[in-house]
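Visitor: One structure coming up, written as structure tokens, with questions to follow.
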Amino acid sequence: MSEVQTVENMVSITIDGVDYKAKEGEYILNAARANDIFIPAICYLTRCSPTLACRLCLVEADGKQVYSCNAKVKEGMEITVSTPDILAERRAMMEVYDVNHPLQCGVCDQSGECELQNYTLELGVDSQSYTIQDTKREATNWSSVLHYDPGLCIVCERCTTVCKDMIGDAAIKTTKRGGEALDKAWKDEMPKDAYAMWNKLQKSVIAPSNGTEHTNCSDCGECVAVCPVGALVSRDFVYTSNAWDLKKIPATCAHCSSGCQIYYETKPASIEDRTEKIFRVTNEWNYVSLCGAGRFGYDFENRTATKDATTFAAAVKAFKKAKVINFNSVITNEEALMLQTLKEKLGVKLINREARAFQRFLGFYSEASGQSLYSLDFKEVMATDFVMSVGSSLRNDNPNARYAFNNVQKLNKGAGLYFHPVGDTLVPTFGKNIEMFAHKVGHEEAALLFIIKLFADQDKLPSSVKEQLDSDFVELLGGDTAKFEKSFEKMMKKKESFSLMVGEDLYFHEKAENLAKLIAVLEASSEVKVAMIPPKTNSLGVALICDLDDEAEGYTIGYNESGDFKLSALGDGDLDMPAMNQQEGTLTNMHKRVTPTNAALEYNGYVLNDIVREVASAPKETIMWTEHLPVSKGFKAVEFDSLPNHYTNDGVEHRGYLLESTSVEVEEISVDKFDDSNALEGEIAYRCNPQRQFNDFSDKAHQIFEGFGLYTSPAKAEALSSKVEVEFANGKLTLDVIVDERMEGDIVAIPDFKSAENIYELFAGSRYQTVTIKEV
Amino acid sequence: MSLEQFKNRNVGTQNYKTLDLDHTPVTGMGQFKQVVSRTFKPELFVGLWVTFREMINALFRGKMHTTQYPFEKLPISPRYRAIHDMLRLLESGHYRCIGCGLCEKICISNCITMDTQYDENQRKEVSEYTINFGRCIFCGYCAEVCPELAIVHGPRYETASEQRASFSLFEDMLTPIDQLNLQQEYQGFGAISPNADENIKKTPLAY
Ligand code: SF4
Ligand code: SF4
Ligand code: SF4
Ligand code: SF4
Ligand code: SF4
Ligand code: FES
């Protein structure tokens, strides 16, 4: 889809007299960057809206001065990067930024990668022409992870922009500094844009937008990542290391299926302890946005491992007699392939609950649609202007699905429909054109039928669907028909591309097959294209590589899960395994991309490959499996060491490769009749993790504080005591009640990030269960 | 970023070359023979004779040429680069080092390491600082780069000890707080020795 655009809509421009091609409608700055031309710019963030805070990106286009981050290229445009006037402006701007800036680079955390430092040198600022009295600005902690030093802040607004346009929290904003007003005399004396910039700068600082001292946000730390200076730093990192002392290890975040690009940054822990330690996680923030789990949940390595021959022999023996291997999706493609090989050679059964549910769903979808994989990746979702979500708790399941939903609203003047039984107070704030349906549990089919009704070409619909479309779905899904019709008309204005994201609720659904068929019908009969959120880290990879079983009995090996013999990367099993930051290999993420990850930390124990070599056969290194990933499932037969891992200046991702999707012809689909009496009633629990928690590994990290408890909306919490007993049909749990201020309604959420709690068993194949909640 | 470094998985195998040496004797007799044959050569007695002659000259004929260390010590030039000193601010007594890490970065033997942290006054605290004197080549780059004149080479050249590590921690190098009044400022790279005058001699012009 995006490729078609790049080929067809190119325009010719000249920059400093040289001819270049650029994408039509692209900002001059991006066009220049794509062609490796440097234009000074601070405040612009790729994928966010231009704020014109820094004005450094001034260029001359067709004889007029424009801001290159905000002006679009036109056919035949002639651009000059620097004229004497522009150079004078830029020099004055940099001088202004240095007014009352403490220039404490000697102790500053940003030193060495500071844009203020770089541009001050780049523009040769060696004298200062401007002065004004300084204002007292004190450093504060905004949250458990954010540290803000306003003395260093240059009010470029990158933090507020990314928080609003990408993350969606809009938790911080510019506010009054209370500084002295600029002397009007400067206005005549200094370049115009520099004056305007200074005027604004002198008046502002950044503060939490809720009016308190604290942000109360998603704690994603993306504001820290984009800050060009040392003003925003994570609390744990402040003053602990200089940027140049850290070694960057390119990797893939292994907490959720987004599989974000990250760098683990390591150096020896201290003078006394010379073992390498991860000091922070950074990312290519222009092209990828992390969540709090990826950014702060990095110290989950397994330090206890040693090469103990007796335990290894015990492990080999256990594998030889094993009937079942029970594992989860926090596993590389290579290891998944090893397990599949064991299944083929030794006949063990493979159990992976979340990947199996997703595999079945993907299978139903492929059968109905003829496509081996879902249509869109989440970057393509981000490029659409109407986005919908069914069956996923957007804020919790996958941060990047949520970022996409938000970004569509902010950047594409988009609209959105959000269907989910658990109400949310954040999602509707993403944009003006969002309708949220907190429908009943069990009405997911109705949500899809409703979307079909809204978007499908009636003539292309199979009769089994067509005859179901007469109901008043808005009413059924808990909305107000008259009001919705009016707002929908507004939502549809100037919309061209439509996307639907579906999530885990549908995979763990009684009617999963029917839901998958409805999605296929929707795609076949409308312009809506679908993206799926794989439930956990590498669920997509496991679903493609392994032939998973539904049920199994007998002697069980648990890999990071329970079993008679336990392999564990958490250090609590019978044999240690390397954690994800100690392994190399590939992961398949929700963008249908196979991405490489490298080992950041040392590991001294055995790996799965060693066991497989003993009980079946295996090559020397784990990564030698990479080239054997099943080509028939869309993987490529390429060596691990030849996989690239970077982005280019035009924003193109070169990380690993994209899975190949195949398609075949299919017959007409026939769907079941939707029965609205299937809705779940009574006290309902939902299997859902709090933000920043995904698995035992995120839980192990010292900067992730979200606990294992019963999450409820503030209103619901009032009706409960602080500790409750939750009784399921097949077991019970005693949990602390934790309020999630952004939840709405009566459904309570129970996390599944602790594998030892066996939450999947309690929910028995569904994501919702009726429960009884008792005080204790 | 280049991924080359991640492709080398041969950790542990190094390219050492073994020297072509004679066999080491293993029996006691063999070892004794080797010692005797290596020790008693005619050159030994030539050397002993020269030493004895010069001793007689120095002690009884008034022909002493050297300084009688350790009873006599020559003043050390400020340019001399011995074990480092960490200086303090004169007014407050606080250590000067701000933990900027420039010395650590510039050190060509990679022997400086420091631990820093955020302290209760919101400042960068140097919680520990160390120089590995087994590797330091006393080049003086650290002292030259230091923006705070915090680290300098002191005059302390008597560094015989069981472990070089005994000089190498922050507090070993830091001016003791009760001796702040004795702290010597570094005079700069062009500074001359205190006894420079005495060392000036007439140029021996024989013609
Ligand atoms: S923000 Fe940049 S310029 Fe300012 S003190 Fe830090 S490193 Fe120096
Ligand atoms: S905190 Fe950083 S990113 Fe935010 S406005 Fe200040 S300088 Fe810009
Ligand atoms: S941590 Fe994330 S959500 Fe919180 S203020 Fe920063 S960008 Fe916004
Ligand atoms: S947890 Fe998911 S969204 Fe967060 S950084 Fe990791 S991969 Fe990205
Ligand atoms: S260069 Fe000076 S101030 Fe900086 S860390 Fe070294 S001793 Fe301290
Ligand atoms: S980058 Fe264009 S105004 Fe800042």
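We name chains A, B, ... following the order of the structure tokens; residues begin at 1 in each chain, and ligands are numbered from 1 as shown.
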Would you return as JSON, numbers by chain the members of segment 15-105 of chain B that DSSP assigns to alpha helix (DSSP H) on this structure's backbone?
Guide: {"B": [28, 29, 30, 31, 32, 33, 34, 35, 36, 37, 38, 39, 42, 43, 44, 45, 46, 47, 48, 49, 50, 51, 52, 53, 54, 55, 56, 57, 58, 59, 60, 102, 103, 104, 105]}
Visitor: Just write the chosen residues, N, CA, C and O atoms, as a short mmCIF file (atom, residue, chain, number, x, y, z; two decimals), in the first residue's frame.
Guide:
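result_30.cif was written with the following content:
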data_model
loop_
_atom_site.label_atom_id
_atom_site.label_comp_id
_atom_site.auth_asym_id
_atom_site.auth_seq_id
_atom_site.Cartn_x
_atom_site.Cartn_y
_atom_site.Cartn_z
N GLY B 28 65.63 -32.09 40.03
CA GLY B 28 66.33 -31.19 40.95
C GLY B 28 67.75 -30.94 40.48
O GLY B 28 68.24 -29.80 40.46
N MET B 29 68.40 -31.98 40.04
CA MET B 29 69.80 -31.86 39.60
C MET B 29 69.89 -30.97 38.38
O MET B 29 70.75 -30.09 38.28
N GLY B 30 68.95 -31.20 37.47
CA GLY B 30 68.93 -30.40 36.24
C GLY B 30 68.77 -28.93 36.56
O GLY B 30 69.47 -28.07 36.00
N GLN B 31 67.89 -28.64 37.49
CA GLN B 31 67.65 -27.25 37.84
C GLN B 31 68.88 -26.63 38.48
O GLN B 31 69.28 -25.52 38.17
N PHE B 32 69.54 -27.42 39.37
CA PHE B 32 70.74 -26.93 40.05
C PHE B 32 71.82 -26.61 39.03
O PHE B 32 72.45 -25.56 39.06
N LYS B 33 71.98 -27.50 38.06
CA LYS B 33 73.00 -27.29 37.03
C LYS B 33 72.74 -26.02 36.24
O LYS B 33 73.64 -25.26 35.94
N GLN B 34 71.44 -25.80 35.93
CA GLN B 34 71.10 -24.61 35.15
C GLN B 34 71.45 -23.33 35.91
O GLN B 34 72.03 -22.40 35.36
N VAL B 35 71.14 -23.34 37.21
CA VAL B 35 71.43 -22.16 38.03
C VAL B 35 72.93 -21.90 38.07
O VAL B 35 73.40 -20.79 37.84
N VAL B 36 73.70 -22.95 38.33
CA VAL B 36 75.15 -22.79 38.43
C VAL B 36 75.74 -22.29 37.12
O VAL B 36 76.50 -21.32 37.06
N SER B 37 75.29 -22.89 36.01
CA SER B 37 75.90 -22.50 34.73
C SER B 37 75.50 -21.09 34.33
O SER B 37 76.22 -20.39 33.65
N ARG B 38 74.29 -20.64 34.79
CA ARG B 38 73.89 -19.29 34.45
C ARG B 38 74.55 -18.25 35.36
O ARG B 38 74.73 -17.11 34.95
N THR B 39 74.92 -18.63 36.59
CA THR B 39 75.43 -17.67 37.55
C THR B 39 76.94 -17.46 37.42
O THR B 39 77.40 -16.33 37.31
N PRO B 42 82.73 -15.61 34.05
CA PRO B 42 83.81 -14.66 34.35
C PRO B 42 83.30 -13.23 34.51
O PRO B 42 83.80 -12.48 35.36
N GLU B 43 82.23 -12.86 33.77
CA GLU B 43 81.72 -11.48 33.82
C GLU B 43 81.29 -11.11 35.24
O GLU B 43 81.36 -9.95 35.62
N LEU B 44 80.88 -12.10 36.00
CA LEU B 44 80.43 -11.83 37.36
C LEU B 44 81.55 -11.17 38.17
O LEU B 44 81.33 -10.18 38.86
N PHE B 45 82.74 -11.71 38.00
CA PHE B 45 83.85 -11.20 38.81
C PHE B 45 84.35 -9.86 38.31
O PHE B 45 84.77 -9.01 39.09
N VAL B 46 84.21 -9.60 37.01
CA VAL B 46 84.55 -8.27 36.48
C VAL B 46 83.64 -7.24 37.13
O VAL B 46 84.07 -6.21 37.65
N GLY B 47 82.35 -7.55 37.17
CA GLY B 47 81.36 -6.64 37.74
C GLY B 47 81.63 -6.38 39.22
O GLY B 47 81.62 -5.23 39.67
N LEU B 48 81.93 -7.44 39.94
CA LEU B 48 82.18 -7.30 41.37
C LEU B 48 83.40 -6.42 41.61
O LEU B 48 83.41 -5.58 42.52
N TRP B 49 84.38 -6.57 40.80
CA TRP B 49 85.59 -5.77 40.94
C TRP B 49 85.29 -4.29 40.71
O TRP B 49 85.69 -3.44 41.49
N VAL B 50 84.52 -3.94 39.71
CA VAL B 50 84.19 -2.53 39.41
C VAL B 50 83.44 -1.93 40.58
O VAL B 50 83.76 -0.85 41.07
N THR B 51 82.47 -2.67 41.10
CA THR B 51 81.67 -2.18 42.22
C THR B 51 82.56 -1.92 43.44
O THR B 51 82.47 -0.88 44.08
N PHE B 52 83.45 -2.86 43.72
CA PHE B 52 84.33 -2.76 44.88
C PHE B 52 85.25 -1.54 44.74
O PHE B 52 85.39 -0.73 45.66
N ARG B 53 85.79 -1.33 43.54
CA ARG B 53 86.69 -0.22 43.29
C ARG B 53 85.98 1.11 43.54
O ARG B 53 86.46 1.97 44.26
N GLU B 54 84.73 1.22 43.01
CA GLU B 54 84.01 2.48 43.15
C GLU B 54 83.58 2.72 44.59
O GLU B 54 83.52 3.85 45.06
N MET B 55 83.35 1.64 45.33
CA MET B 55 82.98 1.79 46.72
C MET B 55 84.14 2.38 47.51
O MET B 55 83.98 3.29 48.32
N ILE B 56 85.31 1.86 47.23
CA ILE B 56 86.51 2.39 47.89
C ILE B 56 86.68 3.86 47.55
O ILE B 56 86.88 4.71 48.42
N ASN B 57 86.52 4.20 46.27
CA ASN B 57 86.65 5.59 45.83
C ASN B 57 85.68 6.50 46.56
O ASN B 57 86.04 7.57 47.03
N ALA B 58 84.42 6.07 46.65
CA ALA B 58 83.39 6.92 47.23
C ALA B 58 83.57 7.08 48.73
O ALA B 58 83.51 8.20 49.26
N LEU B 59 83.86 5.98 49.41
CA LEU B 59 83.89 6.04 50.86
C LEU B 59 85.21 6.59 51.40
O LEU B 59 85.22 7.32 52.38
N PHE B 60 86.33 6.27 50.77
CA PHE B 60 87.62 6.65 51.37
C PHE B 60 88.41 7.67 50.58
O PHE B 60 89.37 8.24 51.07
N LEU B 102 35.43 13.49 31.95
CA LEU B 102 36.33 13.78 30.83
C LEU B 102 37.67 13.05 31.00
O LEU B 102 38.25 12.58 30.03
N CYS B 103 38.15 12.98 32.25
CA CYS B 103 39.42 12.28 32.49
C CYS B 103 39.28 10.80 32.14
O CYS B 103 40.15 10.20 31.52
N GLU B 104 38.12 10.26 32.50
CA GLU B 104 37.83 8.86 32.22
C GLU B 104 37.83 8.63 30.70
O GLU B 104 38.36 7.65 30.20
N LYS B 105 37.26 9.59 29.99
CA LYS B 105 37.14 9.44 28.55
C LYS B 105 38.49 9.59 27.86
O LYS B 105 38.83 8.86 26.94
#
Visitor: Report as a PyMOL selection string the set of chain A residues whose atoms approach chain B to within 7 Å, with distances computed over only C-alpha atoms.
Guide: chain A and resi 106-107+238-240+270-271+641
Visitor: Go through A:Asp470, A:Asp236, A:Glu115, A:Asp547 one by one, measure the shortest atom-to-atom distance of each to Arg280 of chain A using only C-alpha atoms, and give the residue with the smallest value.
Guide: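 Smallest separation from Arg280 of chain A among the options: A:Asp236.
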Visitor: I'd like the contact shell of Gly188 of chain B - 12 Å cut-off, only C-alpha atoms, skipping same-chain residues fewer than 4 positions apart - returned as a PyMOL selection string.
Guide: chain B and resi 77-81+140+143-144+149+152-153+184+192-193
Visitor: Could you turn the residues from that selection into a file that holds N, CA, C and O atoms, as a short mmCIF file (atom, residue, chain, number, x, y, z; two decimals), in the first residue's frame?
Guide:
data_model
loop_
_atom_site.label_atom_id
_atom_site.label_comp_id
_atom_site.auth_asym_id
_atom_site.auth_seq_id
_atom_site.Cartn_x
_atom_site.Cartn_y
_atom_site.Cartn_z
N SER B 77 60.37 18.62 40.36
CA SER B 77 59.82 19.64 39.47
C SER B 77 58.29 19.58 39.48
O SER B 77 57.73 18.49 39.55
N PRO B 78 57.62 20.71 39.44
CA PRO B 78 56.15 20.69 39.38
C PRO B 78 55.66 19.99 38.11
O PRO B 78 54.51 19.60 38.01
N ARG B 79 56.52 19.85 37.12
CA ARG B 79 56.10 19.18 35.90
C ARG B 79 56.13 17.66 36.05
O ARG B 79 55.66 16.94 35.20
N TYR B 80 56.73 17.22 37.13
CA TYR B 80 56.86 15.78 37.31
C TYR B 80 55.49 15.14 37.47
O TYR B 80 54.60 15.68 38.12
N ARG B 81 55.30 13.99 36.85
CA ARG B 81 53.98 13.38 36.90
C ARG B 81 54.00 12.10 37.74
O ARG B 81 54.25 11.03 37.24
N GLY B 140 49.44 12.23 31.96
CA GLY B 140 49.00 13.56 32.35
C GLY B 140 47.81 14.11 31.57
O GLY B 140 47.39 15.25 31.77
N ALA B 143 44.90 15.19 33.88
CA ALA B 143 45.10 16.47 34.54
C ALA B 143 44.92 17.61 33.55
O ALA B 143 44.40 18.67 33.89
N GLU B 144 45.32 17.36 32.33
CA GLU B 144 45.22 18.41 31.33
C GLU B 144 43.78 18.70 30.94
O GLU B 144 43.38 19.83 30.72
N LEU B 149 40.36 21.79 37.46
CA LEU B 149 41.67 21.68 38.12
C LEU B 149 41.55 20.79 39.35
O LEU B 149 42.10 21.07 40.40
N VAL B 152 45.29 16.45 39.56
CA VAL B 152 46.62 16.90 39.15
C VAL B 152 47.60 15.77 39.48
O VAL B 152 47.28 14.86 40.25
N HIS B 153 48.78 15.84 38.89
CA HIS B 153 49.82 14.90 39.28
C HIS B 153 50.57 15.50 40.44
O HIS B 153 51.09 16.61 40.35
N GLN B 184 48.77 22.16 47.63
CA GLN B 184 49.57 22.89 46.63
C GLN B 184 48.77 23.04 45.35
O GLN B 184 48.24 22.08 44.82
N ILE B 192 58.76 25.81 36.46
CA ILE B 192 60.14 25.35 36.61
C ILE B 192 60.35 24.76 37.99
O ILE B 192 59.59 25.02 38.92
N SER B 193 61.44 24.00 38.15
CA SER B 193 61.73 23.37 39.43
C SER B 193 62.06 24.42 40.48
O SER B 193 62.61 25.47 40.15
#
Visitor: 12 Å from ligand 2 is the threshold here; counting only C-alpha atoms and all ligand atoms, which polymer residues fall inside it? Answer as a ChimeraX atom specification.
Guide: /A:42-45,51,53-54,97,101,110,114-116,139-140,142,146-163,171-175,200-201,204-208,221-234
Visitor: May I have a table of the residues of chain A lying at most 9 Å from ligand 4, giving each one's closest pair of atoms and their distance in Å to one decimal, counting only C-alpha atoms and all ligand atoms, ordered by chain and ascending residue number, as JSON lines?
Guide:
{"residue": "A:Cys220", "atom": "CA", "partner": "ligand 4", "partner_atom_place_in_ligand_line": "4 (Fe)", "distance": 8.1}
{"residue": "A:Thr252", "atom": "CA", "partner": "ligand 4", "partner_atom_place_in_ligand_line": "7 (S)", "distance": 7.2}
{"residue": "A:Cys253", "atom": "CA", "partner": "ligand 4", "partner_atom_place_in_ligand_line": "6 (Fe)", "distance": 4.5}
{"residue": "A:Ala254", "atom": "CA", "partner": "ligand 4", "partner_atom_place_in_ligand_line": "7 (S)", "distance": 5.9}
{"residue": "A:His255", "atom": "CA", "partner": "ligand 4", "partner_atom_place_in_ligand_line": "1 (S)", "distance": 4.3}
{"residue": "A:Cys256", "atom": "CA", "partner": "ligand 4", "partner_atom_place_in_ligand_line": "2 (Fe)", "distance": 3.9}
{"residue": "A:Ser257", "atom": "CA", "partner": "ligand 4", "partner_atom_place_in_ligand_line": "7 (S)", "distance": 5.9}
{"residue": "A:Ser258", "atom": "CA", "partner": "ligand 4", "partner_atom_place_in_ligand_line": "7 (S)", "distance": 4.3}
{"residue": "A:Gly259", "atom": "CA", "partner": "ligand 4", "partner_atom_place_in_ligand_line": "7 (S)", "distance": 4.0}
{"residue": "A:Cys260", "atom": "CA", "partner": "ligand 4", "partner_atom_place_in_ligand_line": "8 (Fe)", "distance": 4.2}
{"residue": "A:Gln261", "atom": "CA", "partner": "ligand 4", "partner_atom_place_in_ligand_line": "8 (Fe)", "distance": 7.5}
{"residue": "A:Ile262", "atom": "CA", "partner": "ligand 4", "partner_atom_place_in_ligand_line": "5 (S)", "distance": 7.6}
{"residue": "A:Val288", "atom": "CA", "partner": "ligand 4", "partner_atom_place_in_ligand_line": "8 (Fe)", "distance": 8.3}
{"residue": "A:Ser289", "atom": "CA", "partner": "ligand 4", "partner_atom_place_in_ligand_line": "8 (Fe)", "distance": 6.9}
{"residue": "A:Leu290", "atom": "CA", "partner": "ligand 4", "partner_atom_place_in_ligand_line": "5 (S)", "distance": 3.8}
{"residue": "A:Cys291", "atom": "CA", "partner": "ligand 4", "partner_atom_place_in_ligand_line": "4 (Fe)", "distance": 3.8}
{"residue": "A:Gly292", "atom": "CA", "partner": "ligand 4", "partner_atom_place_in_ligand_line": "4 (Fe)", "distance": 6.1}
{"residue": "A:Ala293", "atom": "CA", "partner": "ligand 4", "partner_atom_place_in_ligand_line": "1 (S)", "distance": 5.0}
{"residue": "A:Gly294", "atom": "CA", "partner": "ligand 4", "partner_atom_place_in_ligand_line": "5 (S)", "distance": 3.5}
{"residue": "A:Arg295", "atom": "CA", "partner": "ligand 4", "partner_atom_place_in_ligand_line": "5 (S)", "distance": 6.1}
{"residue": "A:Phe296", "atom": "CA", "partner": "ligand 4", "partner_atom_place_in_ligand_line": "5 (S)", "distance": 8.9}
{"residue": "A:Gly297", "atom": "CA", "partner": "ligand 4", "partner_atom_place_in_ligand_line": "1 (S)", "distance": 8.5}
{"residue": "A:Asp397", "atom": "CA", "partner": "ligand 4", "partner_atom_place_in_ligand_line": "2 (Fe)", "distance": 8.9}
{"residue": "A:Asn398", "atom": "CA", "partner": "ligand 4", "partner_atom_place_in_ligand_line": "3 (S)", "distance": 6.0}
{"residue": "A:Pro399", "atom": "CA", "partner": "ligand 4", "partner_atom_place_in_ligand_line": "3 (S)", "distance": 4.7}
{"residue": "A:Asn400", "atom": "CA", "partner": "ligand 4", "partner_atom_place_in_ligand_line": "3 (S)", "distance": 5.2}
{"residue": "A:Ala401", "atom": "CA", "partner": "ligand 4", "partner_atom_place_in_ligand_line": "3 (S)", "distance": 8.3}
{"residue": "A:Thr537", "atom": "CA", "partner": "ligand 4", "partner_atom_place_in_ligand_line": "7 (S)", "distance": 7.5}
{"residue": "A:Asn589", "atom": "CA", "partner": "ligand 4", "partner_atom_place_in_ligand_line": "7 (S)", "distance": 8.3}
{"residue": "A:Arg692", "atom": "CA", "partner": "ligand 4", "partner_atom_place_in_ligand_line": "1 (S)", "distance": 7.0}
{"residue": "A:Gln693", "atom": "CA", "partner": "ligand 4", "partner_atom_place_in_ligand_line": "1 (S)", "distance": 8.0}
{"residue": "A:Phe694", "atom": "CA", "partner": "ligand 4", "partner_atom_place_in_ligand_line": "1 (S)", "distance": 7.2}
{"residue": "A:Ser698", "atom": "CA", "partner": "ligand 4", "partner_atom_place_in_ligand_line": "1 (S)", "distance": 8.5}
Visitor: Once you have the residues from the selection above, write them out as an mmCIF file, in the first residue's frame, restricted to C-alpha atoms.
Guide:
data_model
loop_
_atom_site.group_PDB
_atom_site.id
_atom_site.type_symbol
_atom_site.label_atom_id
_atom_site.label_comp_id
_atom_site.auth_asym_id
_atom_site.auth_seq_id
_atom_site.Cartn_x
_atom_site.Cartn_y
_atom_site.Cartn_z
ATOM 1 C CA CYS A 220 6.054 5.543 29.129
ATOM 2 C CA THR A 252 13.899 -5.973 20.108
ATOM 3 C CA CYS A 253 11.745 -5.401 23.158
ATOM 4 C CA ALA A 254 10.354 -8.737 24.248
ATOM 5 C CA HIS A 255 7.523 -7.658 26.512
ATOM 6 C CA CYS A 256 4.648 -7.414 24.059
ATOM 7 C CA SER A 257 3.816 -8.253 20.475
ATOM 8 C CA SER A 258 4.710 -4.786 19.241
ATOM 9 C CA GLY A 259 8.345 -5.895 19.188
ATOM 10 C CA CYS A 260 9.704 -2.362 19.342
ATOM 11 C CA GLN A 261 13.221 -1.455 18.288
ATOM 12 C CA ILE A 262 15.309 -0.707 21.360
ATOM 13 C CA VAL A 288 9.269 4.022 17.076
ATOM 14 C CA SER A 289 7.624 4.790 20.420
ATOM 15 C CA LEU A 290 8.088 2.606 23.454
ATOM 16 C CA CYS A 291 5.858 2.068 26.425
ATOM 17 C CA GLY A 292 6.890 2.077 30.068
ATOM 18 C CA ALA A 293 7.499 -1.663 30.175
ATOM 19 C CA GLY A 294 9.998 -1.543 27.334
ATOM 20 C CA ARG A 295 11.709 1.595 28.544
ATOM 21 C CA PHE A 296 11.941 0.827 32.251
ATOM 22 C CA GLY A 297 11.439 -2.925 32.525
ATOM 23 C CA ASP A 397 -3.096 -4.987 25.640
ATOM 24 C CA ASN A 398 -0.699 -3.379 23.257
ATOM 25 C CA PRO A 399 0.645 0.147 23.667
ATOM 26 C CA ASN A 400 1.490 0.586 20.012
ATOM 27 C CA ALA A 401 -1.999 -0.355 18.867
ATOM 28 C CA THR A 537 5.287 -11.192 22.620
ATOM 29 C CA ASN A 589 6.032 -8.898 15.885
ATOM 30 C CA ARG A 692 3.480 -1.525 31.868
ATOM 31 C CA GLN A 693 2.985 -5.154 32.952
ATOM 32 C CA PHE A 694 3.067 -8.029 30.494
ATOM 33 C CA SER A 698 8.383 -6.964 33.297
#
Visitor: Taking only C-alpha atoms and all ligand atoms into account, which of A:Asn645, A:Asn70, A:Ser218, A:Asn30 comes nearest ligand 6?
Guide: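 Closest to ligand 6, using only C-alpha atoms and all ligand atoms: A:Asn70.
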Visitor: Using only C-alpha atoms, which residues sit within 7 Å of Ala61 of chain A once same-chain residues fewer than 4 positions away are excluded, as a PDB file with N, CA and C atoms, in the first residue's frame?
Guide:
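Result file is result23.pdb:
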ATOM      1  N   GLN A  65      10.730  32.897   2.827  1.00  0.00           N
ATOM      2  CA  GLN A  65      11.178  32.152   4.001  1.00  0.00           C
ATOM      3  C   GLN A  65      10.035  31.318   4.563  1.00  0.00           C
ATOM      4  N   VAL A  66      10.267  30.024   4.707  1.00  0.00           N
ATOM      5  CA  VAL A  66       9.236  29.163   5.290  1.00  0.00           C
ATOM      6  C   VAL A  66       9.873  28.277   6.346  1.00  0.00           C
ATOM      7  N   MET A  77       9.649  23.038  -6.828  1.00  0.00           N
ATOM      8  CA  MET A  77      10.043  23.960  -5.767  1.00  0.00           C
ATOM      9  C   MET A  77      11.562  24.104  -5.685  1.00  0.00           C
ATOM     10  N   GLU A  78      12.011  25.354  -5.525  1.00  0.00           N
ATOM     11  CA  GLU A  78      13.454  25.569  -5.374  1.00  0.00           C
ATOM     12  C   GLU A  78      13.751  25.981  -3.945  1.00  0.00           C
ATOM     13  N   ILE A  79      14.563  25.188  -3.295  1.00  0.00           N
ATOM     14  CA  ILE A  79      14.797  25.393  -1.866  1.00  0.00           C
ATOM     15  C   ILE A  79      16.255  25.751  -1.608  1.00  0.00           C
ATOM     16  N   THR A  80      16.463  26.776  -0.786  1.00  0.00           N
ATOM     17  CA  THR A  80      17.822  27.109  -0.358  1.00  0.00           C
ATOM     18  C   THR A  80      17.868  26.927   1.153  1.00  0.00           C
TER      19      THR A  80
END
Visitor: List the neighbours of segment 735-742 of chain A out to 7 Å using only C-alpha atoms; skip same-chain residues closer than 6 positions along the sequence, and give me the result as a compact mmCIF listing (two decimals) with N, CA and C atoms, in the first residue's frame.
Guide:
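Result saved to out-v9.txt:
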# COMPACT_ATOMS: atom_id res chain seq x y z
N ASP A 424 -13.44 3.01 29.23
CA ASP A 424 -12.13 3.63 29.42
C ASP A 424 -12.31 5.14 29.33
N THR A 425 -11.64 5.86 30.25
CA THR A 425 -11.81 7.31 30.19
C THR A 425 -10.73 7.98 29.35
N LEU A 426 -9.68 7.24 29.01
CA LEU A 426 -8.61 7.88 28.23
C LEU A 426 -8.90 7.86 26.72
N GLY A 709 -3.02 -7.61 41.39
CA GLY A 709 -4.20 -7.39 42.23
C GLY A 709 -5.46 -7.31 41.37
N LEU A 710 -6.51 -6.89 42.01
CA LEU A 710 -7.78 -6.77 41.30
C LEU A 710 -7.93 -5.31 40.88
N TYR A 711 -7.87 -5.05 39.59
CA TYR A 711 -7.97 -3.67 39.11
C TYR A 711 -9.43 -3.32 38.85
N THR A 712 -9.84 -2.16 39.38
CA THR A 712 -11.23 -1.77 39.20
C THR A 712 -11.32 -0.28 38.90
N SER A 713 -12.48 0.12 38.44
CA SER A 713 -12.73 1.55 38.24
C SER A 713 -12.89 2.18 39.62
N PRO A 714 -12.68 3.50 39.73
CA PRO A 714 -12.81 4.15 41.04
C PRO A 714 -14.18 3.91 41.66
N ALA A 717 -14.48 0.41 43.02
CA ALA A 717 -13.63 0.21 44.19
C ALA A 717 -14.34 0.62 45.47
N SER A 722 -10.70 -3.35 50.75
CA SER A 722 -9.38 -3.21 50.15
C SER A 722 -8.77 -4.56 49.75
N LYS A 723 -9.31 -5.63 50.31
CA LYS A 723 -8.84 -6.96 49.95
C LYS A 723 -10.06 -7.84 49.71
N VAL A 724 -10.04 -8.60 48.62
CA VAL A 724 -11.22 -9.41 48.33
C VAL A 724 -10.84 -10.82 47.91
N GLU A 725 -11.84 -11.68 48.01
CA GLU A 725 -11.65 -13.03 47.49
C GLU A 725 -12.48 -13.16 46.24
